[in-house]
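Q: Contents are compact mmCIF, C-alpha atoms; file name coords.txt:
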# COMPACT_ATOMS: atom_id res chain seq x y z
CA MET T 279 -11.08 -9.21 0.69
CA ARG T 280 -12.48 -9.84 4.17
CA GLU T 281 -9.85 -11.29 6.45
CA LEU T 282 -10.31 -13.30 9.61
CA TYR T 283 -8.63 -12.18 12.77
CA LEU T 284 -8.01 -14.97 15.19
CA VAL T 285 -6.40 -15.91 18.46
CA ILE T 286 -5.26 -19.51 18.89
CA ALA T 287 -4.57 -21.03 22.30
CA TYR T 288 -3.61 -24.60 23.02
CA ASP T 289 -2.28 -26.97 25.62
CA THR T 290 -0.92 -30.48 25.32
CA PRO T 291 0.97 -32.78 27.70
CA ASP T 292 3.02 -34.15 24.79
CA ASP T 293 6.32 -32.36 24.13
CA ARG T 294 6.58 -33.52 20.56
CA ARG T 295 3.07 -32.38 19.62
CA ARG T 296 3.62 -29.07 21.42
CA ALA T 297 6.73 -28.45 19.34
CA ARG T 298 4.97 -29.45 16.12
CA LEU T 299 2.02 -27.17 16.88
CA ALA T 300 4.35 -24.26 17.54
CA LYS T 301 6.27 -24.93 14.33
CA LEU T 302 3.06 -25.03 12.31
CA LEU T 303 1.57 -21.92 13.86
CA LYS T 304 4.77 -19.91 13.45
CA GLY T 305 4.09 -20.03 9.70
CA PHE T 306 0.60 -18.61 10.17
CA GLY T 307 0.74 -16.03 12.92
CA GLU T 308 2.73 -14.16 15.55
CA ARG T 309 3.52 -15.89 18.79
CA ARG T 310 2.15 -13.84 21.68
CA GLN T 311 2.80 -16.14 24.58
CA TYR T 312 4.23 -19.61 24.84
CA SER T 313 1.11 -21.29 23.45
CA VAL T 314 -0.93 -18.32 22.24
CA PHE T 315 -0.79 -17.08 18.64
CA GLU T 316 -2.46 -14.19 16.90
CA ALA T 317 -3.13 -14.31 13.16
CA ARG T 318 -4.88 -12.46 10.38
CA LEU T 319 -5.77 -14.91 7.62
CA THR T 320 -7.73 -15.14 4.42
CA ARG T 321 -10.54 -17.73 4.36
CA GLU T 322 -8.38 -20.05 2.23
CA GLN T 323 -5.49 -19.78 4.66
CA TRP T 324 -7.78 -20.55 7.59
CA ALA T 325 -9.24 -23.60 5.80
CA HIS T 326 -5.69 -24.81 5.16
CA LEU T 327 -4.66 -24.28 8.79
CA LYS T 328 -7.83 -25.92 10.13
CA GLY T 329 -7.10 -29.08 8.15
CA LYS T 330 -3.58 -29.26 9.53
CA LEU T 331 -4.73 -28.66 13.12
CA GLU T 332 -7.37 -31.39 12.87
CA ALA T 333 -4.70 -33.83 11.79
CA LEU T 334 -2.26 -32.81 14.52
CA VAL T 335 -4.30 -32.33 17.70
CA ASN T 336 -4.98 -35.41 19.82
CA LYS T 337 -8.63 -35.18 20.85
CA GLU T 338 -8.14 -37.32 23.99
CA GLU T 339 -5.28 -35.41 25.52
CA ASP T 340 -5.06 -31.88 24.02
CA VAL T 341 -7.11 -28.72 23.96
CA LEU T 342 -6.95 -26.12 21.26
CA ALA T 343 -9.33 -23.23 20.65
CA VAL T 344 -9.50 -20.59 17.93
CA TYR T 345 -11.25 -17.35 18.89
CA PHE T 346 -12.45 -15.16 16.03
CA LEU T 347 -12.45 -11.43 16.70
CA PRO T 348 -14.87 -9.10 14.90
CA PRO T 349 -13.22 -6.02 13.30
CA GLU T 350 -14.51 -3.65 16.02
CA ALA T 351 -12.90 -5.80 18.67
CA VAL T 352 -9.59 -5.85 16.78
CA GLY T 353 -9.60 -2.05 16.67
CA ARG T 354 -10.16 -1.93 20.44
CA THR T 355 -7.43 -4.41 21.31
CA TRP T 356 -5.27 -3.02 24.07
CA ARG T 357 -1.64 -4.04 24.20
CA ILE T 358 1.13 -3.39 26.65
CA GLY T 359 4.66 -4.74 26.55
CA HIS T 360 7.72 -4.62 24.34
CA GLU T 361 7.82 -4.17 20.57
CA GLY T 362 7.19 -7.86 19.94
CA LEU T 363 3.55 -6.94 20.55
CA LYS T 364 3.13 -4.72 17.51
CA ARG T 365 -0.09 -4.96 15.51
CA LEU T 366 -0.19 -7.60 12.78
CA GLU T 367 -0.96 -5.07 10.04
CA ASP T 368 1.99 -2.83 10.87
CA PRO T 369 4.68 -2.71 8.20
CA ASP T 370 8.09 -4.23 8.82
CA PHE T 371 11.42 -2.83 7.69
CA VAL T 372 14.58 -4.83 7.47
CA MET Q 118 1.75 -6.79 6.93
CA THR Q 119 3.83 -5.16 4.26
CA LEU Q 120 7.49 -6.16 4.26
CA HIS Q 121 9.95 -3.52 3.12
CA LEU Q 122 13.35 -5.09 2.61
CA THR Q 123 16.17 -2.61 2.33
CA ARG Q 124 19.19 -4.58 3.56
CA GLN Q 125 21.52 -4.67 0.57
CA GLY Q 126 22.75 -8.13 -0.41
CA ALA Q 127 20.34 -9.96 1.92
CA THR Q 128 18.17 -12.86 0.70
CA LEU Q 129 14.57 -13.68 1.54
CA ARG Q 130 13.93 -17.42 1.82
CA LEU Q 131 11.00 -19.66 2.67
CA ARG Q 132 11.57 -22.19 5.40
CA GLN Q 133 8.93 -24.15 7.31
CA GLY Q 134 6.18 -21.68 6.62
CA ARG Q 135 8.28 -18.68 7.54
CA LEU Q 136 9.93 -16.06 5.39
CA LEU Q 137 13.46 -15.57 6.64
CA LEU Q 138 15.78 -12.76 5.72
CA GLU Q 139 19.38 -13.98 5.63
CA GLU Q 140 22.60 -12.10 5.36
CA GLU Q 141 25.77 -14.10 4.72
CA GLY Q 142 23.95 -17.23 5.85
CA ARG Q 143 22.80 -15.66 9.13
CA GLU Q 144 19.12 -15.12 9.83
CA VAL Q 145 18.44 -11.44 10.53
CA ALA Q 146 14.64 -11.50 10.63
CA GLY Q 147 11.74 -13.93 10.29
CA PHE Q 148 8.06 -13.54 9.57
CA PRO Q 149 5.08 -15.91 9.50
CA ALA Q 150 4.79 -16.29 5.72
CA ARG Q 151 0.99 -16.17 5.69
CA GLN Q 152 0.87 -12.83 7.52
CA VAL Q 153 2.65 -11.11 4.67
CA ARG Q 154 0.31 -9.21 2.32
CA SER Q 155 2.88 -7.45 0.15
CA VAL Q 156 6.66 -7.40 -0.22
CA ALA Q 157 8.76 -4.48 -1.44
CA LEU Q 158 12.38 -5.18 -2.37
CA TRP Q 159 14.57 -2.05 -2.40
CA GLY Q 160 17.73 -2.19 -4.47
CA ASN Q 161 19.82 -5.33 -4.32
CA VAL Q 162 17.74 -7.63 -2.11
CA ARG Q 163 17.42 -11.19 -3.33
CA LEU Q 164 14.48 -13.54 -3.27
CA SER Q 165 14.75 -17.34 -3.48
CA THR Q 166 12.58 -19.11 -6.04
CA PRO Q 167 10.59 -21.07 -3.42
CA ALA Q 168 9.85 -17.80 -1.61
CA LEU Q 169 8.77 -16.12 -4.86
CA VAL Q 170 6.60 -19.11 -5.83
CA PHE Q 171 4.96 -19.11 -2.39
CA LEU Q 172 4.19 -15.39 -2.67
CA LEU Q 173 2.81 -15.78 -6.21
CA ARG Q 174 0.57 -18.64 -5.07
CA GLN Q 175 -0.72 -16.67 -2.10
CA GLY Q 176 -1.54 -13.71 -4.35
CA VAL Q 177 0.99 -11.49 -2.57
CA PRO Q 178 2.46 -8.82 -4.87
CA VAL Q 179 6.25 -8.36 -4.91
CA PHE Q 180 7.43 -4.84 -5.79
CA PHE Q 181 10.89 -4.27 -7.20
CA TYR Q 182 12.12 -0.74 -6.44
CA SER Q 183 15.46 0.93 -7.02
CA LEU Q 184 16.97 2.72 -4.03
CA GLU Q 185 16.13 5.99 -5.79
CA GLY Q 186 12.46 5.02 -5.74
CA PHE Q 187 11.99 3.86 -9.31
CA LEU Q 188 9.41 1.09 -9.63
CA HIS Q 189 11.03 -1.52 -11.90
CA GLY Q 190 7.95 -3.71 -11.83
CA VAL Q 191 5.60 -5.88 -9.83
CA ALA Q 192 5.58 -9.68 -9.74
CA GLY Q 193 2.16 -11.20 -9.24
CA ALA Q 194 0.23 -14.11 -10.67
CA TYR Q 195 -2.68 -12.04 -11.95
CA PRO Q 196 -4.91 -13.50 -14.60
CA ASP Q 197 -4.86 -11.44 -17.81
CA PRO Q 198 -7.87 -9.13 -18.19
CA HIS Q 199 -11.01 -10.89 -19.39
CA PRO Q 200 -11.44 -10.27 -23.14
CA ALA Q 201 -14.93 -8.80 -22.66
CA HIS Q 202 -13.57 -6.38 -20.05
CA LEU Q 203 -10.67 -5.49 -22.27
CA ARG Q 204 -13.05 -4.67 -25.14
CA ALA Q 205 -15.13 -2.53 -22.79
CA GLN Q 206 -11.98 -0.73 -21.73
CA PHE Q 207 -11.10 0.02 -25.37
CA ALA Q 208 -14.65 1.04 -26.26
CA ALA Q 209 -15.20 3.30 -23.26
CA GLU Q 210 -15.80 6.99 -23.77
CA GLY Q 211 -12.63 8.42 -22.30
CA LEU Q 212 -13.43 12.04 -21.61
CA PRO Q 213 -15.91 11.63 -18.71
CA LEU Q 214 -13.49 9.29 -16.95
CA ALA Q 215 -10.48 11.52 -17.57
CA ARG Q 216 -12.54 14.42 -16.21
CA ALA Q 217 -13.44 12.42 -13.08
CA PHE Q 218 -9.74 11.77 -12.35
CA VAL Q 219 -8.82 15.44 -12.77
CA VAL Q 220 -11.81 16.70 -10.79
CA GLY Q 221 -11.01 14.28 -7.97
CA LYS Q 222 -7.42 15.46 -7.83
CA LEU Q 223 -8.26 19.17 -7.92
CA ARG Q 224 -10.99 18.83 -5.28
CA SER Q 225 -8.51 17.23 -2.90
CA ALA Q 226 -5.97 19.93 -3.75
CA LEU Q 227 -8.58 22.57 -2.99
CA ALA Q 228 -9.52 20.92 0.32
CA LEU Q 229 -5.86 20.86 1.37
CA LEU Q 230 -5.31 24.54 0.45
CA GLU Q 231 -8.50 25.58 2.24
CA ARG Q 232 -7.52 23.64 5.33
CA HIS Q 233 -4.40 25.81 5.50
CA ARG Q 234 -6.29 28.97 4.42
CA LEU Q 235 -4.04 29.58 1.43
CA PRO Q 236 -5.05 32.25 -1.12
CA GLU Q 237 -4.14 29.96 -4.05
CA ALA Q 238 -7.45 28.16 -3.39
CA GLY Q 239 -9.12 30.68 -5.71
CA GLY Q 240 -6.92 29.62 -8.63
CA VAL Q 241 -7.72 25.96 -8.02
CA VAL Q 242 -11.46 26.75 -7.95
CA GLU Q 243 -11.08 28.34 -11.41
CA ALA Q 244 -9.13 25.37 -12.78
CA LEU Q 245 -11.73 23.03 -11.30
CA ALA Q 246 -14.54 24.89 -13.08
CA ARG Q 247 -12.63 24.69 -16.36
CA ALA Q 248 -11.98 20.96 -15.86
CA GLU Q 249 -15.65 20.29 -15.11
CA GLY Q 250 -16.70 22.08 -18.28
CA ALA Q 251 -13.91 20.79 -20.55
CA SER Q 252 -15.26 19.27 -23.76
CA GLU Q 253 -11.91 18.16 -25.15
CA LEU Q 254 -9.07 16.17 -23.64
CA GLU Q 255 -6.50 18.89 -24.40
CA ARG Q 256 -8.50 21.51 -22.48
CA LEU Q 257 -8.92 19.12 -19.60
CA ARG Q 258 -5.17 18.51 -19.48
CA GLY Q 259 -4.63 22.27 -19.60
CA ALA Q 260 -6.94 22.82 -16.64
CA GLU Q 261 -5.21 20.02 -14.75
CA GLY Q 262 -1.78 21.50 -15.41
CA GLU Q 263 -2.83 24.98 -14.37
CA GLY Q 264 -4.61 23.74 -11.26
CA SER Q 265 -1.58 21.69 -10.18
CA ARG Q 266 0.79 24.59 -10.77
CA VAL Q 267 -1.30 26.93 -8.58
CA TYR Q 268 -1.75 24.23 -5.97
CA PHE Q 269 2.02 23.66 -5.65
CA GLN Q 270 2.52 27.42 -5.42
CA GLY Q 271 0.23 27.27 -2.41
CA LEU Q 272 2.18 24.39 -0.90
CA ALA Q 273 5.37 26.35 -1.47
CA ARG Q 274 4.17 28.85 1.13
CA LEU Q 275 4.16 26.08 3.72
CA LEU Q 276 7.20 24.18 2.46
CA GLY Q 277 9.38 27.12 1.38
CA PRO Q 278 11.47 26.90 4.57
CA TYR Q 279 12.58 23.41 3.44
CA GLY Q 280 13.72 24.60 0.02
CA PHE Q 281 10.52 23.91 -1.92
CA GLY Q 282 9.60 26.44 -4.59
CA GLY Q 283 7.34 24.33 -6.79
CA ARG Q 284 7.25 20.87 -8.26
CA THR Q 285 10.42 19.64 -9.99
CA ARG Q 286 10.89 16.09 -11.24
CA ARG Q 287 13.29 13.95 -13.22
CA PRO Q 288 15.29 14.77 -11.28
CA PRO Q 289 13.82 16.27 -8.12
CA ARG Q 290 15.84 19.35 -7.12
CA ASP Q 291 15.18 19.76 -3.40
CA PRO Q 292 14.39 17.54 -0.40
CA VAL Q 293 10.61 18.10 -0.58
CA ASN Q 294 10.52 17.17 -4.26
CA ALA Q 295 12.71 14.15 -3.49
CA ALA Q 296 10.14 13.01 -0.92
CA LEU Q 297 7.22 13.68 -3.29
CA SER Q 298 8.82 11.70 -6.12
CA TYR Q 299 9.58 8.83 -3.78
CA GLY Q 300 6.05 8.88 -2.41
CA TYR Q 301 4.48 8.87 -5.88
CA ALA Q 302 6.57 5.81 -6.79
CA LEU Q 303 5.28 4.01 -3.68
CA LEU Q 304 1.74 5.04 -4.57
CA LEU Q 305 2.08 3.94 -8.19
CA GLY Q 306 2.94 0.42 -7.01
CA ARG Q 307 -0.21 0.24 -4.92
CA VAL Q 308 -2.44 1.60 -7.68
CA LEU Q 309 -0.89 -0.71 -10.26
CA VAL Q 310 -1.72 -3.74 -8.12
CA ALA Q 311 -5.28 -2.47 -7.54
CA VAL Q 312 -5.77 -2.07 -11.32
CA ARG Q 313 -4.47 -5.60 -11.95
CA LEU Q 314 -6.61 -7.07 -9.16
CA ALA Q 315 -9.66 -5.45 -10.74
CA GLY Q 316 -8.77 -7.25 -13.98
CA LEU Q 317 -8.13 -4.08 -15.99
CA HIS Q 318 -5.31 -3.49 -18.44
CA PRO Q 319 -2.92 -1.02 -16.77
CA GLU Q 320 -1.71 0.49 -20.06
CA VAL Q 321 -5.08 1.40 -21.57
CA GLY Q 322 -5.74 4.82 -20.07
CA PHE Q 323 -7.99 7.82 -20.59
CA LEU Q 324 -6.19 10.88 -19.29
CA HIS Q 325 -2.54 9.94 -19.72
CA ALA Q 326 -0.97 9.37 -23.11
CA GLU Q 327 -0.38 5.72 -23.94
CA GLY Q 328 3.01 6.21 -25.54
CA ARG Q 329 6.23 4.66 -24.29
CA ARG Q 330 4.37 1.72 -22.70
CA SER Q 331 3.60 3.61 -19.53
CA PRO Q 332 0.94 2.26 -17.16
CA ALA Q 333 -1.49 4.96 -18.33
CA LEU Q 334 -4.54 3.63 -16.49
CA ALA Q 335 -2.65 3.29 -13.21
CA LEU Q 336 -1.37 6.86 -13.65
CA ASP Q 337 -4.94 8.00 -14.33
CA LEU Q 338 -6.36 6.41 -11.20
CA MET Q 339 -3.38 7.58 -9.18
CA GLU Q 340 -4.35 11.22 -9.79
CA GLU Q 341 -7.07 11.08 -7.14
CA PHE Q 342 -4.69 9.70 -4.55
CA ARG Q 343 -1.64 11.94 -4.99
CA VAL Q 344 -2.92 14.66 -2.68
CA PRO Q 345 -4.60 12.60 0.07
CA VAL Q 346 -1.83 9.99 0.28
CA VAL Q 347 1.52 11.45 -0.74
CA ASP Q 348 1.23 15.25 -0.55
CA GLN Q 349 -0.47 15.15 2.81
CA VAL Q 350 2.13 12.77 4.25
CA VAL Q 351 5.07 14.78 2.89
CA LEU Q 352 3.60 18.11 4.03
CA SER Q 353 2.99 16.95 7.58
CA ALA Q 354 6.31 15.06 7.75
CA PHE Q 355 8.30 18.24 7.05
CA ARG Q 356 6.12 20.46 9.20
CA ARG Q 357 6.33 18.07 12.15
CA GLY Q 358 10.08 17.69 11.70
CA LEU Q 359 9.87 13.95 10.93
CA LEU Q 360 11.57 14.68 7.62
CA THR Q 361 14.17 17.42 7.32
CA PRO Q 362 16.51 18.55 4.55
CA SER Q 363 19.19 16.44 6.28
CA HIS Q 364 17.28 13.35 5.09
CA ALA Q 365 18.15 14.13 1.48
CA GLU Q 366 21.42 14.16 -0.45
CA VAL Q 367 22.64 15.39 -3.81
CA ARG Q 368 23.34 12.52 -6.18
CA GLU Q 369 23.65 12.22 -9.95
CA GLY Q 370 22.47 15.74 -10.64
CA GLY Q 371 19.34 15.49 -8.49
CA VAL Q 372 18.29 15.41 -4.85
CA TYR Q 373 17.24 12.07 -3.37
CA LEU Q 374 16.24 10.82 0.06
CA ASN Q 375 18.95 9.05 2.03
CA GLU Q 376 18.44 5.77 3.87
CA GLU Q 377 16.93 7.29 7.01
CA GLY Q 378 14.71 9.58 4.93
CA ARG Q 379 13.43 6.64 2.87
CA ARG Q 380 12.70 4.66 5.98
CA ARG Q 381 10.75 7.44 7.59
CA LEU Q 382 8.75 8.21 4.48
CA ILE Q 383 7.84 4.56 3.88
CA GLN Q 384 6.69 4.22 7.49
CA LEU Q 385 4.49 7.35 7.30
CA PHE Q 386 3.14 6.28 3.91
CA GLU Q 387 2.13 2.85 5.23
CA GLU Q 388 0.52 4.40 8.32
CA ARG Q 389 -1.46 6.77 6.14
CA LEU Q 390 -2.84 3.89 4.07
CA LEU Q 391 -4.23 2.32 7.25
CA GLU Q 392 -6.11 5.50 8.22
CA GLY Q 393 -9.85 5.56 7.63
CA VAL Q 394 -11.22 8.11 5.14
CA SER Q 395 -14.74 9.08 4.08
CA HIS Q 396 -15.54 8.44 0.46
CA PRO Q 397 -17.68 11.12 -1.26
CA LEU Q 398 -20.36 8.42 -1.65
CA GLY Q 399 -20.65 8.19 2.12
CA PHE Q 400 -18.84 5.01 3.18
CA ARG Q 401 -15.70 4.91 5.26
CA LYS Q 402 -12.68 2.66 4.70
CA PRO Q 403 -8.92 2.63 5.21
CA LEU Q 404 -7.26 4.72 2.48
CA GLY Q 405 -5.30 1.71 1.18
CA GLU Q 406 -8.51 -0.28 0.66
CA THR Q 407 -10.16 2.73 -0.95
CA ILE Q 408 -7.62 2.49 -3.77
CA GLU Q 409 -8.82 -1.05 -4.48
CA VAL Q 410 -12.46 0.00 -4.19
CA GLN Q 411 -11.92 2.75 -6.77
CA ALA Q 412 -10.30 0.31 -9.20
CA GLN Q 413 -13.30 -2.03 -8.80
CA ARG Q 414 -15.74 0.84 -9.27
CA LEU Q 415 -13.83 1.94 -12.35
CA LYS Q 416 -14.23 -1.52 -13.81
CA ALA Q 417 -17.95 -1.51 -13.01
CA ALA Q 418 -18.32 1.86 -14.78
CA LEU Q 419 -16.43 0.54 -17.83
CA LEU Q 420 -18.86 -2.38 -17.99
CA GLY Q 421 -21.80 0.01 -17.92
CA ARG Q 422 -22.70 -0.67 -14.30
CA GLY Q 423 -23.05 2.78 -12.75
CA ARG Q 424 -21.22 6.06 -13.03
CA TYR Q 425 -17.67 6.55 -11.84
CA THR Q 426 -17.23 8.87 -8.86
CA PRO Q 427 -13.66 9.86 -8.04
CA PHE Q 428 -12.33 9.78 -4.52
CA TYR Q 429 -11.41 13.14 -3.02
CA LEU Q 430 -10.93 14.83 0.33
CA TRP Q 431 -14.12 16.60 1.19
CA ARG Q 432 -14.12 17.37 4.88
Would you mind writing the file's structure down as structure tokens?
A:
Amino acid sequence: MRELYLVIAYDTPDDRRRARLAKLLKGFGERRQYSVFEARLTREQWAHLKGKLEALVNKEEDVLAVYFLPPEAVGRTWRIGHEGLKRLEDPDFV
Amino acid sequence: MTLHLTRQGATLRLRQGRLLLEEEGREVAGFPARQVRSVALWGNVRLSTPALVFLLRQGVPVFFYSLEGFLHGVAGAYPDPHPAHLRAQFAAEGLPLARAFVVGKLRSALALLERHRLPEAGGVVEALARAEGASELERLRGAEGEGSRVYFQGLARLLGPYGFGGRTRRPPRDPVNAALSYGYALLLGRVLVAVRLAGLHPEVGFLHAEGRRSPALALDLMEEFRVPVVDQVVLSAFRRGLLTPSHAEVREGGVYLNEEGRRRLIQLFEERLLEGVSHPLGFRKPLGETIEVQAQRLKAALLGRGRYTPFYLWR
């Protein structure tokens, strides 16, 4: 199954929408910075997320962009920082 | 990501699109639910019904393991095999497929022995020749048994310092065997899911006996992955000092990995599945995906679309 690797960045002047966007995206990907998320999704999951974003974003006031990374680019991603930056595919143990 | 949950008595719940692990009502970890690709529950870890339903709907398999590494089962909403495929599976000529599984396993075993310049390679070459020429299932099983025995004798030269003198199971009798048994249980889970995803019946096998309702087909397909996935991980873990005899303990008449040992082995196992490997047919993919590819190719062969080529280490 081919998965999509994406980076989502947004900005909005509205506190309520900002909070709702964050809450939505926290179910889909890892938060990398205050309003930047990274996610690896199936096509169905992306279609589902896209529908929700379209309903939530205010086209007059907000900006939101989803950048799709090709697999080669994902492999070359360079990260620096604490363990919160681990790769999405890495296993988790609790 | 794969979630391995080992915290005894904790509960995994779904809340606002996130999977939360709670212990006595306190949240100890949280994950974006849609990032999770498989969940392994070790021992007494609970799962709420909404969380289970979400995972089933997303097609995420949930593995139930005992702390000793026994795979109780896998929850997944897989459709039952298509009747036409099931008939093809029953009608298939078993011997060529059984031979492919054994040949794949022994070729990987040979590659591993040669990499370490072990003299037992000669014995595996002989067993391989007998397997390739076997005209009956019993002879094929004999060649497989002999080849494996010689192969583990070779490994014993490298793993002797950690108490390994050959393969022992049910129960494992030394730390290396404990790690091997644990690793094979992890691998079986992955192969079982690959077989179900391909829409094949896991109990209708060709090499393994079908008695006692064992997942014979999953065990068949697993043969080609034992060496490249588990043996290689266990061998390098002990030789690099990542696993030591102190990571195992005597329990109930056998030797089993302790908590730290389990953790380390699971981590190395998952890392290995993400490594790219070259298939004998020329393409390159992560080892974990290769398991799924082989299950799909097996189905294609059963339906008369092409010949089945086993996966093995070849360079």
Q: Starting from 6 Å padding per side, set up an axis-aligned box that covers all listed atoms of segment 317-330 of chain T and hand over centre and edge lengths in Å, one decimal, as lines of an AutoDock Vina configuration file.
A:
center_x = -6.8
center_y = -20.9
center_z = 7.7
size_x = 19.4
size_y = 28.8
size_z = 22.9
Q: Select, from T:Trp324, T:Tyr312, T:Tyr345, T:Phe371, the residue with the minimum atom-to-atom distance to Asp289 of chain T, counting all atoms listed in the file.
A: T:Tyr312
Q: Using all atoms listed in the file, pick whichever of Q:Leu334, Q:Leu136, Q:Leu230, Q:Val347 has the shortest atom-to-atom distance to Gln206 of chain Q.
A: Q:Leu334
Q: Select residues of chain T: the criterion is any atom within 8 Å of an atom of chain Q, counting all atoms listed in the file; output as a PyMOL selection string.
A: chain T and resi 301-302+304-308+317-319+323+366-372
Q: Mind giving me the straight-line distance from atom CA of Glu140 of chain Q to atom CA of Ala168 of chain Q in Å, one decimal?
A: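 Separation of atom CA of Glu140 of chain Q and atom CA of Ala168 of chain Q: 15.6 Å.
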